[in-house]
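Contents: one structure, followed by commentary.
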Amino acid sequence: MLICQLTDLHVRPIGAAANRVSETNMLTERAFRVVAGFTPQPDVVVITGDLTECGLPAEYENLAAMLRRALTMPVYVIPGNHDQRDTLRIQLAHLPGVTRDPQFVQYAVEDQPVRLIMLDTLVPGANHGELSAAQLEWLDRTLAAQPSKPTLVAMHHPPFATGIPHMDRIALLTTEAFRSVIARHRQVERIICGHHHRAIVGQCAHAIVSISPSVAHQVELTFDPDDTGAFNFEPPAFQLHTWHDRNGFVSHTVYTDRYPGPFPFLTDPYYAGA
Ligand SMILES: [Fe+2]
Ligand SMILES: [Fe+2]
C-alpha cells in the first residue's frame with residue numbers, strides 16, 4: 001500500500017499569499033501535480049492539517065477546486081490549528097469521513113490493507129493540540145475493534161517533544177494520556193503528523209512518529225528557548241509511506257522542486273583513471 005502524506009498547505013483565497021510572502025496556493029498546486037504524476041499512483045492521499053491559513057470559506061473553496069483538478073485517488077483530511085473546524089466540515093463535506101462524527105473531524109478508513117485512524121487535535125482559538133477524554137475513549141474503542149490489522153494514526157499535532165522549544169510549546173498537550181492509549185494497541189505501526197513544517201522522526205510508546213515537511217514554507221531549526229520562531233523557504237516536500245506485509249512501513253521524503261538530473265552512474269572501464 002502506498003500512502004501519500006501532504007501537510008501544512010496553508011491555502012489562501014485566490015491571489016493571496018500566506019504571511020504575505022509564501023505563495024501557498026502555487027506551492028500546493030505544484031505538490032498536487034507531483035503526486036498526480038508519480039508512478040505508481042498512491043492508493044490514498046492523507047492531508048494532516050493546516051489545510052488553510054485562516055480557515056476562511058474562500059480558502060476551502062480554493063482547496064476543493066485544486067483537489068478536484070489534480071487528484072483522482074481518495075483524499076482524507078484532518079484539521080490543524082490554522083483551520084476552522086465548522087467551516088471545514090461545511091466546505092469539505094464531500095470528502096470521505098469529514099462529517100462522520102457529529103462534532104469532530106475524526107474517523108477510521110477501513111477499506112485498505114492498512115487501517116487509517118484520522119484524529120482531530122484542533123483546539124478552537126489556540127495553536128496547541130489536545131484530545132479530550134471522550135476523543136481518547138473513541139480512539140481506544142476504535143483501535144480495540146481491529147486489534148490485528150496494521151494501523152496508521154494521522155494527527156496534526158505531534159505527540160512528542162522535538163527539541164524545538166517554540167513548537168514544542170504548541171504541540172499535543174495531552175501526550176501522556178495519548179501515549180497510554182497507543183501503548184495498549186500494538187497494531188499501531190506508525191503515527192504521522194504535520195504542524196512543525198520539518199522532517200522529524202520520534203517515538204510514542206512502541207510506534208515510530210514521523211513529521212512531514214510542509215508542501216509550502218518550512219520552520220527554522222532552532223534549539224534556543226528564547227527563539228519565538230520564523231519560517232523559511234527550505235525545499236518544500238511531502239512523504240510517501242509504503243507498507244508491505246513482510247516489511248511494515250518505510251517512509252520516503254519527496255521534494256516538489258525540480259533539480260538538475262537524473263545523471264547515470266558511470267560504469268565504463270576508463271572511469272577510474274579519467
Ligand atoms: Fe502549519
Ligand atoms: Fe499547525
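Each chain in the C-alpha cells gets a letter, A, B and so on, in the order shown; residues start at 1 in every chain, and ligands are counted from 1 in the order they appear.
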
Could you build a table of the residues in segment 4-47 of chain A lying no more than 12 Å from segment 86-102 of chain A, giving for each the nearest pair of atoms and their separation in Å rounded to one decimal place, using only C-alpha atoms, ordered by chain and ascending residue number, as CSV?
residue,atom,partner,partner_atom,distance
A:Val44,CA,A:Pro96,CA,11.4
A:Val45,CA,A:Leu95,CA,11.5
A:Val46,CA,A:Pro96,CA,11.2
A:Ile47,CA,A:Leu95,CA,11.5

Write the selection just made, keeping C-alpha atoms, as a PDB file, in the first residue's frame?
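Result file is out-v4.pdb:
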ATOM      1  CA  VAL A  44      -4.702   7.288  -0.859  1.00  0.00           C
ATOM      2  CA  VAL A  45      -3.704  10.865  -0.021  1.00  0.00           C
ATOM      3  CA  VAL A  46      -3.773  11.924   3.629  1.00  0.00           C
ATOM      4  CA  ILE A  47      -3.585  15.665   4.410  1.00  0.00           C
TER       5      ILE A  47
END

Contacts between ligand 1 and chain A, please, where a residue of chain A counts if it comes within 6 Å (with only C-alpha atoms and all ligand atoms); show its shortest atom pair and distance in Å to one decimal, rows by chain and ascending number, as JSON lines.
{"residue": "A:Asp8", "atom": "CA", "partner": "ligand 1", "partner_atom_place_in_ligand_line": "1 (Fe)", "distance": 4.3}
{"residue": "A:Asp50", "atom": "CA", "partner": "ligand 1", "partner_atom_place_in_ligand_line": "1 (Fe)", "distance": 5.1}
{"residue": "A:His195", "atom": "CA", "partner": "ligand 1", "partner_atom_place_in_ligand_line": "1 (Fe)", "distance": 4.5}

Using N, CA and C atoms, can you export the residues from the last selection as an mmCIF file, in the first residue's frame?
data_model
loop_
_atom_site.group_PDB
_atom_site.id
_atom_site.type_symbol
_atom_site.label_atom_id
_atom_site.label_comp_id
_atom_site.auth_asym_id
_atom_site.auth_seq_id
_atom_site.Cartn_x
_atom_site.Cartn_y
_atom_site.Cartn_z
ATOM 1 N N ASP A 8 0.256 20.812 5.896
ATOM 2 C CA ASP A 8 0.500 22.248 6.091
ATOM 3 C C ASP A 8 0.513 23.002 4.767
ATOM 4 N N ASP A 50 -3.716 22.012 8.861
ATOM 5 C CA ASP A 50 -3.371 23.319 8.307
ATOM 6 C C ASP A 50 -3.626 23.284 6.800
ATOM 7 N N HIS A 195 2.396 20.099 11.288
ATOM 8 C CA HIS A 195 2.477 21.191 12.249
ATOM 9 C C HIS A 195 3.875 21.792 12.375
#

Per residue of chain A within 9 Å of ligand 2, record the nearest atom pair and its distance in Å to one decimal, counting only C-alpha atoms and all ligand atoms, with rows in chain order and ascending residue number, as a Markdown table.
| residue | atom | partner | partner_atom_place_in_ligand_line | distance |
| --- | --- | --- | --- | --- |
| A:Asp8 | CA | ligand 2 | 1 (Fe) | 6.7 |
| A:Gly49 | CA | ligand 2 | 1 (Fe) | 6.9 |
| A:Asp50 | CA | ligand 2 | 1 (Fe) | 5.5 |
| A:Pro79 | CA | ligand 2 | 1 (Fe) | 8.9 |
| A:Gly80 | CA | ligand 2 | 1 (Fe) | 5.2 |
| A:Asn81 | CA | ligand 2 | 1 (Fe) | 5.0 |
| A:His82 | CA | ligand 2 | 1 (Fe) | 6.1 |
| A:Asp83 | CA | ligand 2 | 1 (Fe) | 8.7 |
| A:Asn127 | CA | ligand 2 | 1 (Fe) | 7.0 |
| A:His128 | CA | ligand 2 | 1 (Fe) | 8.2 |
| A:Gly129 | CA | ligand 2 | 1 (Fe) | 8.9 |
| A:His156 | CA | ligand 2 | 1 (Fe) | 6.7 |
| A:His157 | CA | ligand 2 | 1 (Fe) | 6.9 |
| A:Ile170 | CA | ligand 2 | 1 (Fe) | 8.5 |
| A:Ala171 | CA | ligand 2 | 1 (Fe) | 8.6 |
| A:Gly194 | CA | ligand 2 | 1 (Fe) | 6.8 |
| A:His195 | CA | ligand 2 | 1 (Fe) | 3.6 |
| A:His196 | CA | ligand 2 | 1 (Fe) | 6.7 |
| A:His197 | CA | ligand 2 | 1 (Fe) | 8.1 |

Extract, using only C-alpha atoms, all DNA, RNA and protein residues at most 6 Å from Ile191 of chain A, discarding same-chain residues fewer than 4 positions from it, and format them as a list in words. Leu152, Val153, Ala154 and Val209 of chain A

Generate the output file for the selected residues, C-alpha atoms, as an mmCIF file, in the first residue's frame.
data_model
loop_
_atom_site.group_PDB
_atom_site.id
_atom_site.type_symbol
_atom_site.label_atom_id
_atom_site.label_comp_id
_atom_site.auth_asym_id
_atom_site.auth_seq_id
_atom_site.Cartn_x
_atom_site.Cartn_y
_atom_site.Cartn_z
ATOM 1 C CA LEU A 152 -1.560 4.145 10.892
ATOM 2 C CA VAL A 153 -2.701 7.076 13.056
ATOM 3 C CA ALA A 154 -2.753 10.556 11.455
ATOM 4 C CA VAL A 209 6.205 9.008 14.775
#

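For Thr24 of chain A, the set of protein, DNA and RNA residues having any atom at most 9 Å away, when counting only C-alpha atoms and skipping those fewer than 5 positions along the same chain, is Leu9, His10, Val11, Arg12, Ala16, Ala17, Ala18, Glu29, Glu53, Val215, Ala216 and His217 of chain A.
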
Residues just named, written with C-alpha atoms as a PDB file, in the first residue's frame:
ATOM      1  CA  LEU A   9      -0.802  23.567   2.792  1.00  0.00           C
ATOM      2  CA  HIS A  10      -1.927  26.883   4.331  1.00  0.00           C
ATOM      3  CA  VAL A  11      -4.079  27.594   1.255  1.00  0.00           C
ATOM      4  CA  ARG A  12      -5.228  31.231   0.844  1.00  0.00           C
ATOM      5  CA  ALA A  16      -3.362  35.944  -1.760  1.00  0.00           C
ATOM      6  CA  ALA A  17      -0.135  34.714  -0.141  1.00  0.00           C
ATOM      7  CA  ALA A  18       0.357  33.334   3.386  1.00  0.00           C
ATOM      8  CA  GLU A  29      -0.818  23.022  -6.757  1.00  0.00           C
ATOM      9  CA  GLU A  53      -4.070  29.589   6.552  1.00  0.00           C
ATOM     10  CA  VAL A 215       4.424  21.434   0.886  1.00  0.00           C
ATOM     11  CA  ALA A 216       4.799  25.229   1.350  1.00  0.00           C
ATOM     12  CA  HIS A 217       7.185  27.081   3.726  1.00  0.00           C
TER      13      HIS A 217
END
